[in-house]
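Q: mmCIF, C-alpha atoms and all ligand atoms, saved as query_15.cif, coming up:
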```cif
data_coords
loop_
_atom_site.label_atom_id
_atom_site.label_comp_id
_atom_site.auth_asym_id
_atom_site.auth_seq_id
_atom_site.Cartn_x
_atom_site.Cartn_y
_atom_site.Cartn_z
CA MET A 1 46.27 72.69 -137.50
CA THR A 2 43.19 70.60 -136.64
CA LYS A 3 43.84 67.36 -134.79
CA THR A 4 42.18 64.19 -136.17
CA ILE A 5 39.72 62.71 -133.72
CA GLN A 6 39.26 58.95 -133.95
CA HIS A 7 36.14 57.02 -133.03
CA ALA A 8 36.20 53.79 -131.00
CA VAL A 9 33.09 51.64 -130.54
CA ILE A 10 32.97 49.27 -127.60
CA ILE A 11 30.35 46.54 -127.85
CA GLY A 12 29.67 45.51 -124.24
CA GLY A 13 31.00 48.84 -122.95
CA SER A 14 28.53 49.31 -120.10
CA SER A 15 30.35 47.14 -117.57
CA GLY A 16 33.61 45.45 -116.58
CA ILE A 17 36.36 45.20 -119.19
CA GLY A 18 34.46 47.16 -121.87
CA LEU A 19 33.70 50.06 -119.53
CA ALA A 20 37.31 50.18 -118.27
CA THR A 21 38.44 50.22 -121.92
CA ALA A 22 36.12 53.14 -122.66
CA ARG A 23 37.59 55.04 -119.69
CA LYS A 24 41.10 54.31 -120.94
CA LEU A 25 40.52 55.22 -124.61
CA LEU A 26 38.33 58.29 -124.13
CA GLY A 27 40.31 61.49 -124.53
CA PRO A 28 40.95 64.53 -126.70
CA GLY A 29 42.00 62.35 -129.66
CA MET A 30 39.39 59.62 -129.24
CA LYS A 31 35.63 59.70 -129.27
CA VAL A 32 34.05 56.59 -127.74
CA THR A 33 30.65 54.94 -128.19
CA ILE A 34 29.64 52.33 -125.63
CA THR A 35 26.89 49.77 -126.13
CA GLY A 36 24.98 47.20 -124.07
CA ARG A 37 21.47 45.77 -123.84
CA ASN A 38 20.31 47.19 -120.52
CA GLU A 39 19.50 50.92 -120.87
CA GLU A 40 19.79 51.67 -117.12
CA LYS A 41 23.18 50.00 -116.87
CA LEU A 42 24.31 51.84 -120.00
CA LYS A 43 23.17 55.18 -118.61
CA SER A 44 25.00 54.59 -115.35
CA ALA A 45 28.18 53.65 -117.31
CA TRP A 46 27.79 56.78 -119.41
CA LYS A 47 27.54 58.88 -116.23
CA ASN A 48 30.60 57.08 -114.87
CA LEU A 49 32.43 58.32 -117.99
CA GLY A 50 31.38 61.87 -117.16
CA GLY A 51 28.78 61.94 -119.93
CA ALA A 52 31.62 62.34 -122.43
CA ALA A 53 30.94 59.17 -124.43
CA GLU A 54 28.16 58.33 -126.87
CA LYS A 55 25.89 55.41 -125.99
CA ALA A 56 23.53 53.05 -127.80
CA ALA A 57 21.40 50.27 -126.37
CA PHE A 58 20.89 47.19 -128.54
CA ASP A 59 21.29 43.43 -128.39
CA ALA A 60 24.39 42.30 -130.28
CA SER A 61 22.91 38.82 -130.66
CA LYS A 62 20.14 40.25 -132.88
CA PRO A 63 21.48 40.78 -136.43
CA ASP A 64 18.82 43.39 -137.36
CA GLU A 65 19.66 45.55 -134.33
CA VAL A 66 23.38 45.20 -135.08
CA ARG A 67 22.92 46.21 -138.73
CA GLN A 68 20.72 49.17 -137.79
CA PHE A 69 23.25 50.40 -135.22
CA PHE A 70 26.23 50.37 -137.59
CA GLU A 71 24.25 51.82 -140.50
CA SER A 72 23.25 54.82 -138.39
CA LEU A 73 26.64 55.32 -136.73
CA GLY A 74 28.85 56.72 -139.50
CA PRO A 75 32.60 56.09 -139.88
CA ILE A 76 34.54 54.43 -137.07
CA ASP A 77 38.22 53.72 -136.52
CA HIS A 78 38.36 51.07 -133.80
CA LEU A 79 36.02 48.27 -132.76
CA VAL A 80 36.34 46.53 -129.39
CA LEU A 81 34.19 43.39 -129.02
CA ALA A 82 33.67 42.80 -125.29
CA ALA A 83 30.12 41.45 -125.24
CA SER A 84 29.80 38.65 -122.78
CA GLY A 85 28.71 35.07 -122.55
CA GLY A 86 28.98 32.79 -119.57
CA LYS A 87 27.94 29.35 -120.69
CA GLY A 88 30.08 26.21 -120.77
CA LEU A 89 31.68 25.99 -117.31
CA GLY A 90 31.73 22.69 -115.43
CA PRO A 91 33.04 19.12 -115.53
CA PHE A 92 32.87 17.58 -118.98
CA SER A 93 31.15 14.39 -117.78
CA THR A 94 28.05 16.36 -116.78
CA LEU A 95 28.34 19.31 -119.15
CA ASP A 96 25.10 20.14 -120.95
CA LEU A 97 26.45 20.17 -124.49
CA SER A 98 23.71 22.52 -125.63
CA ASP A 99 25.52 25.13 -123.48
CA ILE A 100 28.26 25.16 -126.10
CA GLY A 101 25.75 26.20 -128.77
CA SER A 102 24.22 28.80 -126.42
CA GLY A 103 27.68 30.13 -125.58
CA VAL A 104 28.43 30.54 -129.28
CA ASP A 105 25.10 32.36 -129.74
CA GLU A 106 25.76 34.65 -126.75
CA LYS A 107 29.40 35.49 -127.40
CA VAL A 108 30.96 34.31 -130.67
CA ARG A 109 28.15 35.17 -133.09
CA PRO A 110 27.51 38.64 -131.60
CA GLN A 111 31.21 39.52 -131.81
CA LEU A 112 31.50 38.25 -135.41
CA SER A 113 28.19 39.79 -136.41
CA CYS A 114 29.26 43.22 -135.14
CA LEU A 115 32.53 43.01 -137.05
CA GLN A 116 30.74 41.99 -140.26
CA ALA A 117 28.21 44.83 -139.95
CA ALA A 118 30.95 47.36 -139.12
CA LEU A 119 33.15 46.53 -142.12
CA PRO A 120 31.62 49.03 -144.59
CA THR A 121 32.24 51.94 -142.21
CA LEU A 122 35.33 50.71 -140.36
CA ASN A 123 38.54 52.56 -141.23
CA LYS A 124 40.93 50.13 -142.93
CA ALA A 125 43.78 51.84 -141.06
CA GLY A 126 42.03 51.13 -137.77
CA SER A 127 41.69 48.08 -135.55
CA VAL A 128 39.42 45.35 -134.22
CA THR A 129 39.98 43.74 -130.83
CA PHE A 130 38.02 40.65 -129.80
CA VAL A 131 37.78 39.55 -126.16
CA SER A 132 38.18 35.78 -125.72
CA ALA A 133 39.38 34.10 -122.48
CA VAL A 134 42.46 32.30 -121.21
CA SER A 135 40.27 29.24 -120.59
CA ALA A 136 40.83 28.45 -124.29
CA GLN A 137 44.56 28.15 -123.57
CA LEU A 138 44.42 26.21 -120.29
CA ALA A 139 44.58 22.48 -119.62
CA THR A 140 42.42 22.84 -116.51
CA PRO A 141 39.59 20.48 -115.61
CA GLY A 142 36.13 22.07 -115.87
CA VAL A 143 36.76 24.50 -118.72
CA ALA A 144 36.33 22.27 -121.83
CA GLY A 145 32.99 23.85 -122.77
CA ILE A 146 33.92 27.48 -122.23
CA ALA A 147 37.29 26.80 -123.90
CA ALA A 148 35.53 25.41 -126.99
CA ILE A 149 33.50 28.64 -127.24
CA ASN A 150 36.36 31.07 -126.64
CA GLY A 151 38.77 29.03 -128.74
CA MET A 152 36.76 29.92 -131.85
CA LEU A 153 37.73 33.56 -131.46
CA LEU A 154 41.41 32.69 -131.03
CA THR A 155 41.21 30.60 -134.21
CA VAL A 156 39.60 33.19 -136.49
CA VAL A 157 41.76 36.16 -135.55
CA PRO A 158 44.92 35.36 -137.59
CA ILE A 159 42.72 34.48 -140.59
CA LEU A 160 40.78 37.74 -140.35
CA ALA A 161 44.02 39.70 -139.92
CA VAL A 162 45.15 38.42 -143.32
CA GLU A 163 41.74 38.47 -145.05
CA LEU A 164 40.77 41.99 -143.92
CA LYS A 165 44.22 43.58 -144.20
CA PRO A 166 45.36 46.29 -143.71
CA LEU A 167 42.71 46.42 -140.96
CA ARG A 168 44.40 45.12 -137.81
CA VAL A 169 42.59 42.29 -136.01
CA ASN A 170 43.70 41.08 -132.57
CA VAL A 171 42.25 39.34 -129.52
CA VAL A 172 42.88 39.58 -125.79
CA ALA A 173 42.58 36.48 -123.63
CA PRO A 174 41.86 37.62 -120.06
CA GLY A 175 42.44 35.44 -117.02
CA VAL A 176 40.17 35.65 -113.97
CA ILE A 177 39.07 39.28 -113.75
CA ASP A 178 36.99 40.80 -110.96
CA THR A 179 34.02 42.14 -112.92
CA PRO A 180 30.22 41.71 -112.80
CA TRP A 181 30.69 38.67 -115.07
CA TRP A 182 31.01 36.72 -111.79
CA ASP A 183 27.73 38.04 -110.36
CA PHE A 184 26.05 34.68 -110.94
CA LEU A 185 27.89 33.53 -107.80
CA ALA A 186 26.99 34.42 -104.21
CA GLU A 187 29.51 36.89 -102.73
CA GLU A 188 31.10 34.33 -100.41
CA GLN A 189 31.53 31.81 -103.22
CA ARG A 190 33.00 34.48 -105.47
CA GLN A 191 35.54 35.50 -102.82
CA THR A 192 36.53 31.85 -102.28
CA ILE A 193 37.07 31.33 -106.01
CA PHE A 194 39.03 34.57 -106.37
CA ALA A 195 41.25 33.65 -103.38
CA ASP A 196 41.87 30.23 -104.93
CA TYR A 197 42.82 31.76 -108.31
CA ALA A 198 44.94 34.47 -106.65
CA GLY A 199 46.89 31.67 -104.95
CA LYS A 200 47.47 29.89 -108.28
CA THR A 201 48.35 33.03 -110.24
CA PRO A 202 52.05 34.02 -110.37
CA VAL A 203 51.31 37.72 -109.73
CA GLY A 204 49.35 36.72 -106.60
CA ARG A 205 45.98 38.29 -107.39
CA VAL A 206 43.06 38.10 -109.77
CA GLY A 207 42.85 40.75 -112.47
CA ARG A 208 41.10 44.10 -112.55
CA ALA A 209 39.13 45.30 -115.56
CA GLU A 210 41.77 48.04 -115.95
CA ASP A 211 44.52 45.42 -116.46
CA VAL A 212 42.69 44.11 -119.54
CA ALA A 213 41.76 47.62 -120.69
CA ASP A 214 45.48 48.45 -120.77
CA ALA A 215 46.11 45.39 -122.96
CA ILE A 216 43.26 46.37 -125.31
CA ALA A 217 44.48 49.98 -125.52
CA PHE A 218 47.92 48.67 -126.52
CA LEU A 219 46.42 46.61 -129.36
CA VAL A 220 44.28 49.56 -130.47
CA SER A 221 47.20 51.98 -130.57
CA ASN A 222 50.11 49.86 -131.81
CA GLY A 223 50.01 49.93 -135.62
CA PHE A 224 52.37 46.95 -135.94
CA MET A 225 50.20 44.48 -133.99
CA THR A 226 47.85 42.25 -135.97
CA GLY A 227 46.71 38.64 -135.90
CA GLN A 228 47.84 38.36 -132.28
CA VAL A 229 46.47 36.79 -129.12
CA LEU A 230 47.48 38.93 -126.14
CA THR A 231 47.01 36.88 -122.97
CA CYS A 232 46.41 39.07 -119.92
CA ASP A 233 46.14 36.63 -117.01
CA GLY A 234 48.85 37.38 -114.45
CA GLY A 235 50.62 34.22 -115.64
CA LEU A 236 47.72 31.89 -114.75
CA ARG A 237 48.13 30.02 -118.05
CA PHE A 238 51.50 28.67 -116.94
CA ALA A 239 50.52 27.81 -113.41
CA ALA A 240 46.89 26.64 -113.19
N1 LIG B 1 35.58 38.58 -116.01
C1 LIG B 1 36.34 37.55 -116.32
O1 LIG B 1 36.90 36.84 -115.44
C2 LIG B 1 36.59 37.20 -117.77
C3 LIG B 1 37.57 36.26 -118.07
C4 LIG B 1 37.82 35.92 -119.37
C5 LIG B 1 37.09 36.50 -120.40
N2 LIG B 1 36.12 37.41 -120.09
C6 LIG B 1 35.38 37.98 -121.22
O2 LIG B 1 35.49 39.38 -121.21
C7 LIG B 1 34.37 39.98 -121.88
C8 LIG B 1 33.83 41.09 -121.01
O3 LIG B 1 33.36 40.50 -119.80
P1 LIG B 1 33.33 41.28 -118.41
O4 LIG B 1 34.07 40.46 -117.45
O5 LIG B 1 33.68 42.70 -118.61
O6 LIG B 1 31.76 41.06 -118.10
P2 LIG B 1 30.60 42.10 -117.76
O7 LIG B 1 31.06 43.07 -116.72
O8 LIG B 1 29.43 41.25 -117.48
O9 LIG B 1 30.38 42.93 -119.11
C9 LIG B 1 29.74 42.39 -120.23
C10 LIG B 1 29.26 43.50 -121.13
O10 LIG B 1 28.70 42.93 -122.30
C11 LIG B 1 27.37 43.46 -122.50
N3 LIG B 1 26.62 42.45 -123.23
C12 LIG B 1 26.41 41.16 -122.91
N4 LIG B 1 25.69 40.55 -123.84
C13 LIG B 1 25.41 41.49 -124.80
C14 LIG B 1 24.67 41.48 -125.99
N5 LIG B 1 24.05 40.38 -126.45
N6 LIG B 1 24.58 42.62 -126.69
C15 LIG B 1 25.19 43.75 -126.25
N7 LIG B 1 25.91 43.82 -125.14
C16 LIG B 1 26.02 42.69 -124.41
C17 LIG B 1 26.89 43.74 -121.06
O11 LIG B 1 25.81 44.68 -120.98
P3 LIG B 1 24.28 44.17 -120.96
O12 LIG B 1 24.21 43.02 -120.02
O13 LIG B 1 23.47 45.35 -120.57
O14 LIG B 1 23.98 43.76 -122.36
C18 LIG B 1 28.17 44.37 -120.50
O15 LIG B 1 28.33 45.70 -120.95
C19 LIG B 1 33.37 38.82 -122.10
O16 LIG B 1 33.47 38.39 -123.43
C20 LIG B 1 33.87 37.73 -121.16
O17 LIG B 1 33.53 36.44 -121.63
C21 LIG B 1 35.85 37.78 -118.81
#
```
Output the file's structure as structure tokens, nothing else.
Ligand SMILES: NC(=O)c1ccc[n+]([C@@H]2O[C@H](COP(=O)([O-])OP(=O)(O)OC[C@H]3O[C@@H](n4cnc5c(N)ncnc54)[C@H](OP(=O)(O)O)[C@@H]3O)[C@@H](O)[C@H]2O)c1

A:
Amino acid sequence: MTKTIQHAVIIGGSSGIGLATARKLLGPGMKVTITGRNEEKLKSAWKNLGGAAEKAAFDASKPDEVRQFFESLGPIDHLVLAASGGKGLGPFSTLDLSDIGSGVDEKVRPQLSCLQAALPTLNKAGSVTFVSAVSAQLATPGVAGIAAINGMLLTVVPILAVELKPLRVNVVAPGVIDTPWWDFLAEEQRQTIFADYAGKTPVGRVGRAEDVADAIAFLVSNGFMTGQVLTCDGGLRFAA
């Protein structure tokens, strides 16, 4: 008997959470395609996966590139939307409000645009997993902007789960995760911030990309999960 092989596409799969998810999902029953903008980074991620994945470089914030990618890809079963965005952090009194619009353009629109373009070829028995952030669930000073951006994804997921049924649509909300997302900080500053968050987090550490990949893999594989926000933050939400 021939075994069915499924196909998962990870937008933003060349680094951090997306790459860890590719490593987790890739196997005899699952083909994986990873994407990102930077070809070198994508190639190095592909090598990290043992050359077993497919890869495609394009910018998910450019609708034409997104459309072209999905039109040439063929049928897929699972879509993981891990493309990044980093705008919107900082005290509200001095927040540049145009950062909220830029954050939407860098993260929310690319994730929604990929889902829209994937719909014609996405298996209705499959799944979609967005990546938001726990900042949208925290009452912590300094995250109003980034929470406004990420909160949009938390809001649309239950609606899409009903509108696109039986396709399953979920979202993970990661806490502070040690990935290249934090590379905008100098190493010393990054270590100070991580130590501070580790102290506040009930499990006593910041997260690893693999922690979130495990949460995503659960949402991908569990056929009874849809419309859900899965917070993966070591308990930070209740303690920050
Ligand atoms: N790390 C954290 O603490 C944390 C916490 C909460 C939520 N998150 C969210 O988790 C998701 C993954 O972040 P991460 O921590 O894994 O960051 P990361 O290591 O920087 O990975 C981001 C990935 O997205 C790709 N990407 C960014 N913009 C893209 C675009 N326009 N088109 C295509 N690919 C794009 C990047 O590749 P290229 O740069 O080559 O395009 C890379 O593969 C993000 O949505 C982030 O906001 C992260």

Q: Which residues, written as a PDB file with C-alpha atoms, keeping the file's coordinate frame, have at least one atom at most 12 Å from stretch 115-120 of chain A, with all atoms listed in the file counted and residues fewer than 2 positions away on the same chain left out?

A:
```
ATOM      1  CA  ALA A   8      36.200  53.790-131.000  1.00  0.00           C
ATOM      2  CA  VAL A   9      33.090  51.640-130.540  1.00  0.00           C
ATOM      3  CA  ILE A  10      32.970  49.270-127.600  1.00  0.00           C
ATOM      4  CA  ILE A  11      30.350  46.540-127.850  1.00  0.00           C
ATOM      5  CA  ALA A  60      24.390  42.300-130.280  1.00  0.00           C
ATOM      6  CA  LYS A  62      20.140  40.250-132.880  1.00  0.00           C
ATOM      7  CA  PRO A  63      21.480  40.780-136.430  1.00  0.00           C
ATOM      8  CA  ASP A  64      18.820  43.390-137.360  1.00  0.00           C
ATOM      9  CA  GLU A  65      19.660  45.550-134.330  1.00  0.00           C
ATOM     10  CA  VAL A  66      23.380  45.200-135.080  1.00  0.00           C
ATOM     11  CA  ARG A  67      22.920  46.210-138.730  1.00  0.00           C
ATOM     12  CA  GLN A  68      20.720  49.170-137.790  1.00  0.00           C
ATOM     13  CA  PHE A  69      23.250  50.400-135.220  1.00  0.00           C
ATOM     14  CA  PHE A  70      26.230  50.370-137.590  1.00  0.00           C
ATOM     15  CA  GLU A  71      24.250  51.820-140.500  1.00  0.00           C
ATOM     16  CA  SER A  72      23.250  54.820-138.390  1.00  0.00           C
ATOM     17  CA  LEU A  73      26.640  55.320-136.730  1.00  0.00           C
ATOM     18  CA  GLY A  74      28.850  56.720-139.500  1.00  0.00           C
ATOM     19  CA  PRO A  75      32.600  56.090-139.880  1.00  0.00           C
ATOM     20  CA  ILE A  76      34.540  54.430-137.070  1.00  0.00           C
ATOM     21  CA  ASP A  77      38.220  53.720-136.520  1.00  0.00           C
ATOM     22  CA  HIS A  78      38.360  51.070-133.800  1.00  0.00           C
ATOM     23  CA  LEU A  79      36.020  48.270-132.760  1.00  0.00           C
ATOM     24  CA  VAL A  80      36.340  46.530-129.390  1.00  0.00           C
ATOM     25  CA  LEU A  81      34.190  43.390-129.020  1.00  0.00           C
ATOM     26  CA  ALA A  82      33.670  42.800-125.290  1.00  0.00           C
ATOM     27  CA  VAL A 108      30.960  34.310-130.670  1.00  0.00           C
ATOM     28  CA  ARG A 109      28.150  35.170-133.090  1.00  0.00           C
ATOM     29  CA  PRO A 110      27.510  38.640-131.600  1.00  0.00           C
ATOM     30  CA  GLN A 111      31.210  39.520-131.810  1.00  0.00           C
ATOM     31  CA  LEU A 112      31.500  38.250-135.410  1.00  0.00           C
ATOM     32  CA  SER A 113      28.190  39.790-136.410  1.00  0.00           C
ATOM     33  CA  LEU A 122      35.330  50.710-140.360  1.00  0.00           C
ATOM     34  CA  ASN A 123      38.540  52.560-141.230  1.00  0.00           C
ATOM     35  CA  LYS A 124      40.930  50.130-142.930  1.00  0.00           C
ATOM     36  CA  ALA A 125      43.780  51.840-141.060  1.00  0.00           C
ATOM     37  CA  GLY A 126      42.030  51.130-137.770  1.00  0.00           C
ATOM     38  CA  SER A 127      41.690  48.080-135.550  1.00  0.00           C
ATOM     39  CA  VAL A 128      39.420  45.350-134.220  1.00  0.00           C
ATOM     40  CA  THR A 129      39.980  43.740-130.830  1.00  0.00           C
ATOM     41  CA  PHE A 130      38.020  40.650-129.800  1.00  0.00           C
ATOM     42  CA  VAL A 157      41.760  36.160-135.550  1.00  0.00           C
ATOM     43  CA  LEU A 160      40.780  37.740-140.350  1.00  0.00           C
ATOM     44  CA  LEU A 164      40.770  41.990-143.920  1.00  0.00           C
ATOM     45  CA  LYS A 165      44.220  43.580-144.200  1.00  0.00           C
ATOM     46  CA  LEU A 167      42.710  46.420-140.960  1.00  0.00           C
ATOM     47  CA  VAL A 169      42.590  42.290-136.010  1.00  0.00           C
TER      48      VAL A 169
END
```

Q: Suppose you want the space between atom C3 of ligand LIG 1 (chain B) and atom CA of A:Ala133; what is it in Å?

A: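 Interatomic distance, atom C3 of ligand LIG 1 (chain B) to atom CA of A:Ala133: 5.2 Å.
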
Q: So, counting all atoms listed in the file, which residue among A:Thr201, A:Thr192, A:Thr94, A:Asn150 is closest to ligand LIG 1 (chain B)?

A: A:Asn150

Q: Taking only C-alpha atoms and all ligand atoms into account, which residues are within 7 Å of ligand LIG 1 (chain B), as number ranges by chain?

A: A: 11-18, 35-39, 41-42, 58-61, 82-86, 106-107, 110, 131-134, 173-182, 209

Q: If the box runs along x, y and z of the file and leaves 3 Å on each side of stretch 232-239 of chain A, what are its centre and edge lengths in Å, one decimal, as lines of an AutoDock Vina configuration file?

A:
```
center_x = 48.8
center_y = 33.4
center_z = -116.7
size_x = 11.4
size_y = 17.3
size_z = 12.5
```

Q: Pick out the closest residue to A:Glu210 from this set: A:Val156, A:Val104, A:Cys232, A:Ala136. Count all atoms listed in the file.

A: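 For A:Glu210, the nearest of the candidates is A:Cys232.
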
Q: Give as a PyMOL selection string each residue that has an atom at most 12 Å from (28.5, 26.3, -113.4) in the file, counting all atoms listed in the file.

A: chain A and resi 86-92+94-96+99+142-143+145-146+182+184-185+189

Q: Grab the atom CA of A:Ser93 to atom CA of A:Thr155 distance for me, in Å with one decimal place.

A: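 Distance reported for this atom pair: 25.2 Å.
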
Q: Quick one: everything within 9 Å of A:Asn48, counting all atoms listed in the file, minus sequence neighbours fewer than 4 positions away in the same chain. Send it as a PyMOL selection string.

A: chain A and resi 19+23+43-44

Q: Can I get the selection written as a compact mmCIF listing (two decimals), in the frame of the given file, with C-alpha atoms?

A:
```
# COMPACT_ATOMS: atom_id res chain seq x y z
CA LEU A 19 33.70 50.06 -119.53
CA ARG A 23 37.59 55.04 -119.69
CA LYS A 43 23.17 55.18 -118.61
CA SER A 44 25.00 54.59 -115.35
```

Q: Report as number ranges by chain all protein, DNA and RNA residues lying within 8 Å of A:Gly234, evaluated on only C-alpha atoms, omitting residues in the same chain fewer than 3 positions from it.

A: A: 175, 201-207

Q: May I have the residues within 10 Å of A:Ile5 as a PDB file with C-alpha atoms, in the frame of the given file, using all atoms listed in the file and disregarding those fewer than 6 positions away in the same chain?

A:
```
ATOM      1  CA  GLY A  27      40.310  61.490-124.530  1.00  0.00           C
ATOM      2  CA  PRO A  28      40.950  64.530-126.700  1.00  0.00           C
ATOM      3  CA  GLY A  29      42.000  62.350-129.660  1.00  0.00           C
ATOM      4  CA  MET A  30      39.390  59.620-129.240  1.00  0.00           C
ATOM      5  CA  LYS A  31      35.630  59.700-129.270  1.00  0.00           C
ATOM      6  CA  ASP A  77      38.220  53.720-136.520  1.00  0.00           C
TER       7      ASP A  77
END
```

Q: Nearest to A:His7 among A:Val212, A:Val220, A:Ala147, A:Leu154, with distances taken over all atoms listed in the file: which residue is it?

A: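 Comparing A:Val212, A:Val220, A:Ala147, A:Leu154 against A:His7, the winner is A:Val220.
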
Q: For A:Arg237, which residue among A:Thr140, A:Asn170, A:Gln191, A:Ser102 is the nearest when counting all atoms listed in the file?

A: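 Counting all atoms listed in the file, the residue closest to A:Arg237 is A:Thr140.
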
Q: Figure out the distance between atom CA of A:Met152 and atom CA of A:Gly103, please, to one decimal in Å.

A: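 So the two atoms, atom CA of A:Gly103 and atom CA of A:Met152, lie 11.0 Å apart.
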
Q: Can you work out which one of A:Ala144, A:Ile149, A:Ala22, A:Ala217 has the shortest atom-to-atom distance to A:Asp105, counting all atoms listed in the file?

A: A:Ile149

Q: May I ask which of the residues A:Leu25, A:Arg190, A:Asp233, A:Thr4 is the closest one to A:Ser221, counting only C-alpha atoms?

A: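 Selected residue with least distance to A:Ser221: A:Leu25.
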